[in-house]
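Working notes for the structure below.
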Amino acid sequence: VGNYGDLHVLTAITPLATSMDNRSDPMNIAISRTISRVLDKRSVIDYRALVVVAGEEIWRVRVDLRVLDDDGNVLDCTMLAAMAALLHFRRKGDGKNKMDTDQLMPLPVKCLPISVSFACTASGLHVQDPTKLEESVEAARISCIVDPQRADIIQIIRSGELALSTSDISRCCRNALEASSNIREVLKKAIEEDIRKRDNVKMEFAQLFKR
């Protein structure tokens, strides 16, 4: 136990998710490593804030991702699910006083990375958010991990045998920046709506006890 909290990502693509028996294990490892590398950056999560007592007690956060149906673009889906889970989760206070213990606190998420992927074909097409059918004809893949709030590219992941020009990669990055901003707003609104519903439920329970 040190002076930083800990986060572990585990991905499991279930046998029902894909008909390709040899795909699950390599994809599980690749996706888990990619998301872990992004979340390990201290610009994404404030790991110091996950320390309860320095050198003695820390919060260890585990993100379990289970893919039930693979219709393509699994990386983007699992990245979005991981960020939604981290934003949605509430932990108890650090126990330094009685009020903190009863108060539910969000995780110290500092930025919201979004993955936007493109399936690239030999004819020059760049298909954003490809389906499984579109993935079957791709010659290369580009995944841009974006911080939409700062309009910054955190990471670019490229795979496939097709050689891509710098202009192709730049075009994908520009499209990813635009798309990530829209995805971020949709996710934030969904989380805010859920928090509002949670607060309403708490108020209803409190009113019942008052009666």
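Letters A, B, ... go to the chains of the structure tokens in the order shown; residues in each chain start at 1; ligands are counted from 1 in the same order.
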Can you list, as a VMD selection string, all residues belonging to region 25-123 of chain A that DSSP tags as helix (DSSP H, G or I)?
chain A and resid 25 to 40 47 to 50 74 to 88 98 to 102
Within 7 Å of Arg48 (chain A), counting only C-alpha atoms, which residues show up once you throw out same-chain ones fewer than 3 positions away? Write them as a VMD selection string, please.
chain A and resid 3 to 5 51
Suppose we keep N, CA, C and O atoms; can you now write the selection as a PDB file, in the first residue's frame?
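Below you can see part.pdb, which holds the result:
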ATOM      1  N   ASN A   3       1.035   5.603  -1.659  1.00  0.00           N
ATOM      2  CA  ASN A   3       0.361   6.895  -1.567  1.00  0.00           C
ATOM      3  C   ASN A   3      -0.587   7.134  -2.729  1.00  0.00           C
ATOM      4  O   ASN A   3      -0.984   8.275  -2.994  1.00  0.00           O
ATOM      5  N   TYR A   4      -0.945   6.078  -3.443  1.00  0.00           N
ATOM      6  CA  TYR A   4      -1.877   6.181  -4.552  1.00  0.00           C
ATOM      7  C   TYR A   4      -2.901   5.059  -4.459  1.00  0.00           C
ATOM      8  O   TYR A   4      -2.588   3.948  -4.032  1.00  0.00           O
ATOM      9  N   GLY A   5      -4.131   5.362  -4.889  1.00  0.00           N
ATOM     10  CA  GLY A   5      -5.142   4.323  -4.997  1.00  0.00           C
ATOM     11  C   GLY A   5      -4.825   3.403  -6.171  1.00  0.00           C
ATOM     12  O   GLY A   5      -3.840   3.581  -6.873  1.00  0.00           O
ATOM     13  N   VAL A  51      -6.605   7.632  -1.524  1.00  0.00           N
ATOM     14  CA  VAL A  51      -5.873   7.213  -0.328  1.00  0.00           C
ATOM     15  C   VAL A  51      -6.693   7.561   0.910  1.00  0.00           C
ATOM     16  O   VAL A  51      -7.129   8.702   1.073  1.00  0.00           O
TER      17      VAL A  51
END
Pick from A:Thr14, A:Thr131, A:Asn175, A:Ser143: nearest to Ser117 (chain A), with only C-alpha atoms counted?
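Using only C-alpha atoms, the shortest distance to Ser117 (chain A) belongs to A:Ser143.
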List the neighbours of Asp168 (chain A) out to 12 Å using only C-alpha atoms; skip same-chain residues closer than 2 positions along the sequence, and give me the result as a PyMOL selection string.
chain A and resi 118-121+124-127+140-142+158+162-166+170-175
Which of region 13-111 of chain A fall in strand (DSSP E), as a PyMOL selection string:
chain A and resi 13+51-53+57-58+60-67+90-92+104-106
Have a look at A:Ile157, A:Val146, A:Ser181, A:Asp199 and name the one nearest to Ala30 (chain A); count only C-alpha atoms.
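Counting only C-alpha atoms, the residue closest to Ala30 (chain A) is A:Ile157.
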Go ahead and compute the interatomic distance for CA of Ala176 (chain A) and CA of Pro106 (chain A), in Å to one decimal.
27.6 Å
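When the distance limit is 7 Å and only C-alpha atoms are what count, the residues near Gln155 (chain A), minus those fewer than 2 positions from it on the same chain, are Cys144, Ile145, Ile153 and Ile157 of chain A.
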Just C-alpha atoms for this one: save the residues we selected as an mmCIF file, in the first residue's frame.
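As written to disk, selection-v5.cif reads:
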data_model
loop_
_atom_site.group_PDB
_atom_site.id
_atom_site.type_symbol
_atom_site.label_atom_id
_atom_site.label_comp_id
_atom_site.auth_asym_id
_atom_site.auth_seq_id
_atom_site.Cartn_x
_atom_site.Cartn_y
_atom_site.Cartn_z
ATOM 1 C CA CYS A 144 -8.432 7.551 -31.282
ATOM 2 C CA ILE A 145 -8.665 7.962 -27.494
ATOM 3 C CA ILE A 153 -5.757 13.205 -28.479
ATOM 4 C CA ILE A 157 -4.016 2.819 -31.717
#
Point out the residue among A:Leu75, A:Leu112, A:Val201, A:Ile29 with the least atom-to-atom distance to Leu87 (chain A), counting only C-alpha atoms.
A:Leu112
List the spatial neighbours of Val38 (chain A) as number ranges by chain - criterion: any atom at most 8 Å away, only C-alpha atoms, same-chain residues fewer than 6 positions off excluded.
A: 44, 113, 154-155
To one decimal in Å, tell me the separation between CA of Asp152 (chain A) and CA of His88 (chain A).
23.7 Å
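Distance check against Val61 (chain A) using only C-alpha atoms: of A:Cys77, A:Leu104, A:Ile13, A:Ala82, the minimum falls on A:Ala82.
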